[in-house]
Amino acid sequence: MKFTVSEMRSLLAGDKQADRVVPSSGFTAQLTLFAAGAMAFLAVFASALSLASGRLAARWGDELARTSTIMIVAPVGERAIQTDAALRVLETTAGVETARALTDAEQQALLSPWFGSGIDLRSLPVPRLIEVVENPSGFDAEGLRLRLAAEVPAAFLDDHTRWCAPLVQAANRLRLLGWVAILLIGAAVGAMVTLAANAALAANAQVVDVLRLVGATDRYIAEAFIRRFTIRAFIGAAVGMILGMLAVLLLPSVSNDAGFLTGLGFQGVGWLALLLIPVMAGGVALIATRIVSQKALEALS
Amino acid sequence: MQRDRCTGTTGPINWGTPVIELENVAYSYGGGELLSDISIKLALGSFYFLTGPSGAGKTTLLKLCYGALLPTAGRVRIMGNDVRNLDRDGVAMMRRIVGVVHQDVKFLDHLPVADNIALPLTVSGRQNEAGGADLGELLARVGLNHRSAGLPPELSGGERQRAALARAVIMSPDVVLADEPTGNVDLEMSQRLLKLLIELNKMGKTVLIARHDLSLIRAAKSEVQARVLRISNRRLQLAGADL
């Protein structure tokens with residue numbers, strides 16, 4: 001029982017007369033609608049997780065990997081001299097786009113979560129920080145370290161790779177986890193439709209018998225079941241998707257400061273991608289019902 | 001599949017161009033042979049009665065004739081096609097030209113009687129041909145006009161048989177095979193149903209009716225030239241002179 005493109009089109013176009021030959025079974029109908037809806041709701045969140053993780057990995061990968069920090073660890077009296085020397089080294093370093101020393105206010109802001117606001121940096125042995133932004137070609141970190149060691153002994157280069165790499169890796173794994181969750185949800189929809197279609201076919205053995213007696217082909221009988229389960233899964237998933245989208249909309253809005261959880265939403269075409277969820281649920285139901293009906297009709301012959 | 005083939009056979013029964021042909025057919029069930037060495041060619045436009053005591057194998061023979069059962073030995077050809085070579089869809093296509101009335105009548109209980117009768121047209125994509133007039137006329141012929149909107153479980157045994165007969169003939173099939181089609185109906189309705197089958201036969205259709213009670217056969221005597229086949233001791237025999 002193979003389907004060509006034109007047969008698929010006629011399958012989806014439907015046949016009201018053919019649809020009527022299979023009695024509507026309340027239990028399997030409700031089960032399919034509910035399960036497809038619930039799975040679509042979860043798929044929306046899995047998509048949100050995956051897309052947010054992807055964005056995070058990209059941001060950390062792009063932005064943090066392109067910035068580095070130089071710490072000037074020197075007595076208060078020498079700090080300014082060493083800072084200027086480091087900045088001069090950076091000016092002549094290939095691959096450095098900009099370099100600037102953080103102001104006192106910026107350093108105070110960085111420390112305020114631990115020491116509160118209004119701290120006097122001169123009373124603390126706090127290193128001066130220099131933010132280095134590299135151009136797309138990047139700089140030679142090892143070469144810069146050697147130059148700094150020779151010319152500015154109080155300067156230490158931190159190119160962020162040490163701590164940034166595991167974070168990017170974690171974000172990428174989280175994204176992968178999101179995709180795996182979506183695949184599992186698809187498989188669960190397939191399993192649920194398989195069970196429901198199997199039950200419906202078994203319960204309608206007499207219908208199959210009568211249809212065969214009057215000359216119905218296997219395709220005709222199967223299509224009546226396939227259409228029914230495909231439409232149910234599609235409608236259930238569409239409702240679940242809409243509810244999932246509403247739930248995501250109710251999450252706190254995305255902000256640059258708030259971090260990962262508030263970024264768990266969709267942006268731009270990400271919203272449109274959700275429209276694929278009911279289409280995929282319908283597709284999974286179509287394939288599952290087709291396989292089940294083929295086997296069941298063979299068994300009932 | 002064991003086959004206890006008997007030697008003393010009745011010769012092949014052959015009248016004209018065959019629409020259904022059984023050649024040395026045997027059918028075993030539960031270890032015993034129910035039908036043995038049956039050869040018959042059902043001619044186009046002929047009318048047959050199939051008789052025999054209960055349990056003789058009339059229903060089995062009818063099922064062999066429309067591909068619901070495969071013979072354990074021999075060949076069955078429907079319109080020249082060996083049923084062994086037909087897949088399930090092939091059998092389905094054959095059933096569009098062979099109308100069948102079962103003894104144990106089954107319907108789609110959730111559909112009205114009229115829709116059940118029109119079902120062969122629906123599954124073959126010819127539902128538009130079941131236009132009100134034809135379907136209405138057929139319903140009137142089988143006395144079910146008043147029941148057309150009802151559901152099958154609401155029908156009596158006789159009404160179910162009449163509905164099944166209407167369903168079997170609505171496609172104007174080339175062959176009608178009927179297993180005790182008048183078993184549960186009164187004499188008057190039996191005669192009406194028989195008349196319907198005779199009219200189909202006069203239109204060139206082949207009709208085979210399995211019937212254990214000979215009264216219907218006698219009633220048909222004046223209406224149609226029918227041949228009577230009898231199953232006896234697993235064999236098929238021509239039962240005396242033609243009616």
# chains A, B, ... in the order shown; residues from 1 in each chain; ligands from 1

call {"tool": "interface_residues", "arguments": {"of": "chain A", "to": "chain B", "cutoff": "10 Å", "atoms": "only C-alpha atoms", "output": "VMD selection string"}}
result
chain A and resid 1 15 17 to 18 20 to 24 204 206 to 221 297 to 298 301

call {"tool": "residues_around", "arguments": {"residues": "Pro136 of chain A", "least_positions_apart": "6", "cutoff": "9 Å", "atoms": "only C-alpha atoms", "output": "ChimeraX atom specification"}}
result
/A:66,95,97

call {"tool": "residues_around", "arguments": {"residues": "Ala101 of chain A", "least_positions_apart": "5", "cutoff": "12 Å", "atoms": "only C-alpha atoms", "output": "JSON, numbers by chain"}}
result
{"A": [68, 69, 70, 71, 72, 79, 80, 82, 83, 84, 85, 86, 87, 88, 90, 106, 107, 127, 128, 129, 130, 131, 132, 133]}

call {"tool": "closest_residue", "arguments": {"among": "A:Thr92, A:Ser293, A:Ser47, A:Gln30", "to": "Leu183 of chain A", "atoms": "only C-alpha atoms"}}
result
A:Ser47

call {"tool": "select_by_dssp", "arguments": {"residues": "segment 115-284 of chain A", "states": "strand (DSSP E or B)", "output": "JSON, numbers by chain"}}
result
{"A": [128, 129, 130, 131, 132, 133, 134, 155, 156, 157, 158]}

call {"tool": "write_last_selection", "arguments": {"atoms": "N, CA and C atoms", "output": "PDB file, in the first residue's frame"}}
result
ATOM      1  N   ARG A 128      43.570  46.695  38.492  1.00  0.00           N
ATOM      2  CA  ARG A 128      42.907  47.502  37.446  1.00  0.00           C
ATOM      3  C   ARG A 128      42.627  46.577  36.271  1.00  0.00           C
ATOM      4  N   LEU A 129      41.470  46.711  35.682  1.00  0.00           N
ATOM      5  CA  LEU A 129      41.083  45.835  34.573  1.00  0.00           C
ATOM      6  C   LEU A 129      41.123  46.590  33.252  1.00  0.00           C
ATOM      7  N   ILE A 130      41.637  45.917  32.243  1.00  0.00           N
ATOM      8  CA  ILE A 130      41.624  46.483  30.884  1.00  0.00           C
ATOM      9  C   ILE A 130      40.795  45.551  30.007  1.00  0.00           C
ATOM     10  N   GLU A 131      39.792  46.138  29.359  1.00  0.00           N
ATOM     11  CA  GLU A 131      38.946  45.329  28.461  1.00  0.00           C
ATOM     12  C   GLU A 131      39.549  45.393  27.055  1.00  0.00           C
ATOM     13  N   VAL A 132      39.804  44.221  26.495  1.00  0.00           N
ATOM     14  CA  VAL A 132      40.403  44.142  25.166  1.00  0.00           C
ATOM     15  C   VAL A 132      39.385  43.496  24.212  1.00  0.00           C
ATOM     16  N   VAL A 133      39.069  44.198  23.138  1.00  0.00           N
ATOM     17  CA  VAL A 133      38.171  43.622  22.112  1.00  0.00           C
ATOM     18  C   VAL A 133      39.006  43.339  20.870  1.00  0.00           C
ATOM     19  N   GLU A 134      38.964  42.115  20.441  1.00  0.00           N
ATOM     20  CA  GLU A 134      39.786  41.754  19.280  1.00  0.00           C
ATOM     21  C   GLU A 134      38.982  41.901  17.996  1.00  0.00           C
ATOM     22  N   ALA A 155      51.081  42.809  34.498  1.00  0.00           N
ATOM     23  CA  ALA A 155      49.867  42.550  33.691  1.00  0.00           C
ATOM     24  C   ALA A 155      49.672  41.050  33.450  1.00  0.00           C
ATOM     25  N   PHE A 156      48.441  40.618  33.612  1.00  0.00           N
ATOM     26  CA  PHE A 156      48.085  39.204  33.359  1.00  0.00           C
ATOM     27  C   PHE A 156      46.906  39.152  32.386  1.00  0.00           C
ATOM     28  N   LEU A 157      47.097  38.400  31.324  1.00  0.00           N
ATOM     29  CA  LEU A 157      46.048  38.312  30.296  1.00  0.00           C
ATOM     30  C   LEU A 157      45.108  37.136  30.582  1.00  0.00           C
ATOM     31  N   ASP A 158      43.811  37.435  30.598  1.00  0.00           N
ATOM     32  CA  ASP A 158      42.784  36.379  30.701  1.00  0.00           C
ATOM     33  C   ASP A 158      41.950  36.470  29.419  1.00  0.00           C
TER      34      ASP A 158
END

call {"tool": "residues_around", "arguments": {"residues": "segment 139-156 of chain B", "least_positions_apart": "6", "cutoff": "6 Å", "atoms": "only C-alpha atoms", "output": "ChimeraX atom specification"}}
result
/B:109,112-114,162

call {"tool": "write_last_selection", "arguments": {"atoms": "C-alpha atoms", "output": "mmCIF file, in the first residue's frame"}}
result
data_model
loop_
_atom_site.group_PDB
_atom_site.id
_atom_site.type_symbol
_atom_site.label_atom_id
_atom_site.label_comp_id
_atom_site.auth_asym_id
_atom_site.auth_seq_id
_atom_site.Cartn_x
_atom_site.Cartn_y
_atom_site.Cartn_z
ATOM 1 C CA ASP B 109 -24.693 -0.098 12.235
ATOM 2 C CA PRO B 112 -28.798 4.656 7.909
ATOM 3 C CA VAL B 113 -30.230 1.763 5.947
ATOM 4 C CA ALA B 114 -30.220 3.765 2.694
ATOM 5 C CA ARG B 162 -34.017 -7.547 2.124
#

call {"tool": "closest_residue", "arguments": {"among": "B:Asp134, B:Asp87, B:Glu21, B:Asp213", "to": "Val169 of chain B", "atoms": "only C-alpha atoms"}}
result
B:Asp134

call {"tool": "select_by_dssp", "arguments": {"residues": "segment 3-160 of chain B", "states": "alpha helix (DSSP H)", "output": "ChimeraX atom specification"}}
result
/B:58-65,88-95,113-117,119-123,132-141,157-160

call {"tool": "write_last_selection", "arguments": {"atoms": "N, CA and C atoms", "output": "compact mmCIF listing (two decimals), in the first residue's frame"}}
result
# COMPACT_ATOMS: atom_id res chain seq x y z
N LYS B 58 -23.05 -25.61 1.34
CA LYS B 58 -23.57 -24.62 0.39
C LYS B 58 -22.89 -23.26 0.60
N THR B 59 -22.85 -22.86 1.86
CA THR B 59 -22.25 -21.55 2.16
C THR B 59 -20.77 -21.55 1.79
N THR B 60 -20.10 -22.66 2.07
CA THR B 60 -18.66 -22.77 1.74
C THR B 60 -18.47 -22.66 0.22
N LEU B 61 -19.34 -23.32 -0.51
CA LEU B 61 -19.21 -23.27 -1.97
C LEU B 61 -19.42 -21.83 -2.48
N LEU B 62 -20.41 -21.14 -1.89
CA LEU B 62 -20.63 -19.75 -2.29
C LEU B 62 -19.40 -18.89 -1.98
N LYS B 63 -18.82 -19.12 -0.79
CA LYS B 63 -17.63 -18.34 -0.41
C LYS B 63 -16.46 -18.62 -1.34
N LEU B 64 -16.38 -19.85 -1.80
CA LEU B 64 -15.33 -20.18 -2.78
C LEU B 64 -15.59 -19.44 -4.09
N CYS B 65 -16.87 -19.25 -4.39
CA CYS B 65 -17.23 -18.62 -5.67
C CYS B 65 -16.92 -17.13 -5.70
N ARG B 88 -5.53 -8.87 -2.09
CA ARG B 88 -6.77 -8.45 -1.42
C ARG B 88 -7.52 -7.39 -2.21
N ASP B 89 -6.79 -6.49 -2.84
CA ASP B 89 -7.45 -5.46 -3.64
C ASP B 89 -8.08 -6.07 -4.89
N GLY B 90 -7.43 -7.11 -5.42
CA GLY B 90 -8.00 -7.80 -6.56
C GLY B 90 -9.32 -8.46 -6.20
N VAL B 91 -9.34 -9.08 -5.03
CA VAL B 91 -10.59 -9.69 -4.55
C VAL B 91 -11.66 -8.62 -4.36
N ALA B 92 -11.23 -7.45 -3.83
CA ALA B 92 -12.18 -6.34 -3.62
C ALA B 92 -12.79 -5.92 -4.96
N MET B 93 -11.94 -5.82 -5.97
CA MET B 93 -12.45 -5.42 -7.30
C MET B 93 -13.44 -6.46 -7.84
N MET B 94 -13.13 -7.73 -7.59
CA MET B 94 -14.03 -8.80 -8.05
C MET B 94 -15.40 -8.67 -7.37
N ARG B 95 -15.37 -8.25 -6.12
CA ARG B 95 -16.64 -8.17 -5.39
C ARG B 95 -17.53 -7.03 -5.89
N VAL B 113 -30.02 2.91 6.85
CA VAL B 113 -30.23 1.76 5.95
C VAL B 113 -29.93 2.16 4.50
N ALA B 114 -30.43 3.33 4.09
CA ALA B 114 -30.22 3.76 2.69
C ALA B 114 -28.73 3.87 2.39
N ASP B 115 -27.96 4.42 3.32
CA ASP B 115 -26.50 4.55 3.10
C ASP B 115 -25.83 3.19 3.06
N ASN B 116 -26.34 2.27 3.86
CA ASN B 116 -25.78 0.91 3.84
C ASN B 116 -26.04 0.24 2.50
N ILE B 117 -27.23 0.46 1.97
CA ILE B 117 -27.56 -0.15 0.69
C ILE B 117 -26.71 0.46 -0.43
N LEU B 119 -23.74 1.50 -0.08
CA LEU B 119 -22.32 1.37 0.27
C LEU B 119 -21.43 0.86 -0.88
N PRO B 120 -21.88 -0.13 -1.67
CA PRO B 120 -21.02 -0.58 -2.78
C PRO B 120 -20.70 0.56 -3.75
N LEU B 121 -21.68 1.45 -3.95
CA LEU B 121 -21.43 2.61 -4.83
C LEU B 121 -20.46 3.57 -4.16
N THR B 122 -20.61 3.76 -2.85
CA THR B 122 -19.74 4.68 -2.13
C THR B 122 -18.28 4.23 -2.20
N VAL B 123 -18.04 2.95 -1.92
CA VAL B 123 -16.64 2.49 -1.87
C VAL B 123 -15.99 2.42 -3.25
N GLY B 132 -31.27 9.65 -5.92
CA GLY B 132 -32.47 9.35 -5.15
C GLY B 132 -33.42 8.38 -5.84
N ALA B 133 -33.63 8.59 -7.15
CA ALA B 133 -34.64 7.79 -7.84
C ALA B 133 -34.29 6.31 -7.83
N ASP B 134 -33.06 5.96 -8.24
CA ASP B 134 -32.66 4.55 -8.31
C ASP B 134 -32.69 3.90 -6.94
N LEU B 135 -32.11 4.60 -5.98
CA LEU B 135 -32.06 4.04 -4.62
C LEU B 135 -33.46 3.91 -4.06
N GLY B 136 -34.27 4.95 -4.29
CA GLY B 136 -35.66 4.93 -3.80
C GLY B 136 -36.43 3.78 -4.42
N GLU B 137 -36.22 3.58 -5.71
CA GLU B 137 -36.93 2.50 -6.41
C GLU B 137 -36.52 1.14 -5.85
N LEU B 138 -35.23 1.01 -5.63
CA LEU B 138 -34.73 -0.26 -5.10
C LEU B 138 -35.28 -0.50 -3.69
N LEU B 139 -35.29 0.58 -2.89
CA LEU B 139 -35.84 0.45 -1.53
C LEU B 139 -37.30 0.02 -1.59
N ALA B 140 -38.04 0.58 -2.56
CA ALA B 140 -39.45 0.22 -2.70
C ALA B 140 -39.58 -1.24 -3.12
N ARG B 141 -38.69 -1.66 -4.02
CA ARG B 141 -38.76 -3.04 -4.50
C ARG B 141 -38.57 -4.05 -3.37
N GLY B 157 -35.26 -9.39 11.23
CA GLY B 157 -34.42 -10.33 10.49
C GLY B 157 -34.73 -10.31 9.00
N GLY B 158 -36.02 -10.30 8.68
CA GLY B 158 -36.43 -10.29 7.28
C GLY B 158 -36.02 -9.01 6.58
N GLU B 159 -36.19 -7.89 7.31
CA GLU B 159 -35.82 -6.60 6.72
C GLU B 159 -34.31 -6.54 6.47
N ARG B 160 -33.56 -7.13 7.36
CA ARG B 160 -32.09 -7.13 7.18
C ARG B 160 -31.73 -7.91 5.90

call {"tool": "closest_residue", "arguments": {"among": "B:Asn24, B:Gln161, B:Asn201, B:Thr206", "to": "Asp174 of chain B", "atoms": "only C-alpha atoms"}}
result
B:Thr206

call {"tool": "residues_around", "arguments": {"residues": "Leu274 of chain A", "least_positions_apart": "2", "cutoff": "8 Å", "atoms": "only C-alpha atoms", "output": "PyMOL selection string"}}
result
chain A and resi 44+47+241+270-272+276-277

call {"tool": "atom_distance", "arguments": {"atom1": "atom CA of Ala281 of chain A", "atom2": "atom CA of Ser50 of chain A"}}
result
18.5 Å

call {"tool": "residues_around", "arguments": {"residues": "Arg75 of chain B", "least_positions_apart": "4", "cutoff": "6 Å", "atoms": "only C-alpha atoms", "output": "MDAnalysis selection string"}}
result
chainID B and resid 22:23 25

call {"tool": "closest_residue", "arguments": {"among": "A:Val168, A:Ala99, A:Ile185, A:Val73", "to": "Ala154 of chain A", "atoms": "only C-alpha atoms"}}
result
A:Val73

call {"tool": "closest_residue", "arguments": {"among": "B:Glu33, B:Ile20, B:Val207, B:Ser28", "to": "Gln225 of chain B", "atoms": "only C-alpha atoms"}}
result
B:Val207

call {"tool": "decode", "arguments": {"residues": "segment 83-102 of chain A", "atoms": "N, CA and C atoms", "output": "short mmCIF file (atom, residue, chain, number, x, y, z; two decimals), in the first residue's frame"}}
result
data_model
loop_
_atom_site.label_atom_id
_atom_site.label_comp_id
_atom_site.auth_asym_id
_atom_site.auth_seq_id
_atom_site.Cartn_x
_atom_site.Cartn_y
_atom_site.Cartn_z
N THR A 83 49.31 50.32 33.91
CA THR A 83 48.12 50.31 33.03
C THR A 83 48.44 51.00 31.71
N ASP A 84 49.05 52.17 31.80
CA ASP A 84 49.40 52.90 30.57
C ASP A 84 50.36 52.08 29.71
N ALA A 85 51.32 51.41 30.37
CA ALA A 85 52.29 50.61 29.62
C ALA A 85 51.58 49.47 28.89
N ALA A 86 50.63 48.85 29.60
CA ALA A 86 49.88 47.74 28.97
C ALA A 86 49.06 48.24 27.79
N LEU A 87 48.44 49.39 27.93
CA LEU A 87 47.63 49.95 26.84
C LEU A 87 48.51 50.26 25.63
N ARG A 88 49.74 50.72 25.90
CA ARG A 88 50.65 51.02 24.78
C ARG A 88 51.03 49.71 24.05
N VAL A 89 51.25 48.68 24.85
CA VAL A 89 51.55 47.38 24.22
C VAL A 89 50.37 46.93 23.33
N LEU A 90 49.18 47.11 23.86
CA LEU A 90 47.98 46.67 23.13
C LEU A 90 47.79 47.47 21.85
N GLU A 91 48.15 48.77 21.89
CA GLU A 91 47.99 49.61 20.69
C GLU A 91 48.80 49.07 19.52
N THR A 92 49.88 48.43 19.84
CA THR A 92 50.76 47.93 18.77
C THR A 92 50.63 46.43 18.57
N THR A 93 49.61 45.86 19.17
CA THR A 93 49.40 44.42 19.01
C THR A 93 48.43 44.15 17.86
N ALA A 94 48.87 43.34 16.91
CA ALA A 94 48.00 43.02 15.77
C ALA A 94 46.81 42.19 16.24
N GLY A 95 45.63 42.53 15.72
CA GLY A 95 44.43 41.76 16.05
C GLY A 95 43.61 42.38 17.16
N VAL A 96 44.15 43.43 17.82
CA VAL A 96 43.38 44.10 18.87
C VAL A 96 42.62 45.25 18.24
N GLU A 97 41.28 45.23 18.41
CA GLU A 97 40.47 46.29 17.82
C GLU A 97 40.43 47.50 18.75
N THR A 98 40.04 47.26 20.00
CA THR A 98 40.03 48.35 20.99
C THR A 98 40.55 47.79 22.32
N ALA A 99 41.07 48.70 23.11
CA ALA A 99 41.49 48.34 24.47
C ALA A 99 41.30 49.57 25.34
N ARG A 100 40.70 49.36 26.51
CA ARG A 100 40.48 50.50 27.41
C ARG A 100 40.47 50.01 28.84
N ALA A 101 40.92 50.87 29.69
CA ALA A 101 40.90 50.53 31.12
C ALA A 101 39.52 50.85 31.67
N LEU A 102 39.02 49.95 32.49
CA LEU A 102 37.71 50.19 33.10
C LEU A 102 37.83 51.35 34.08
#
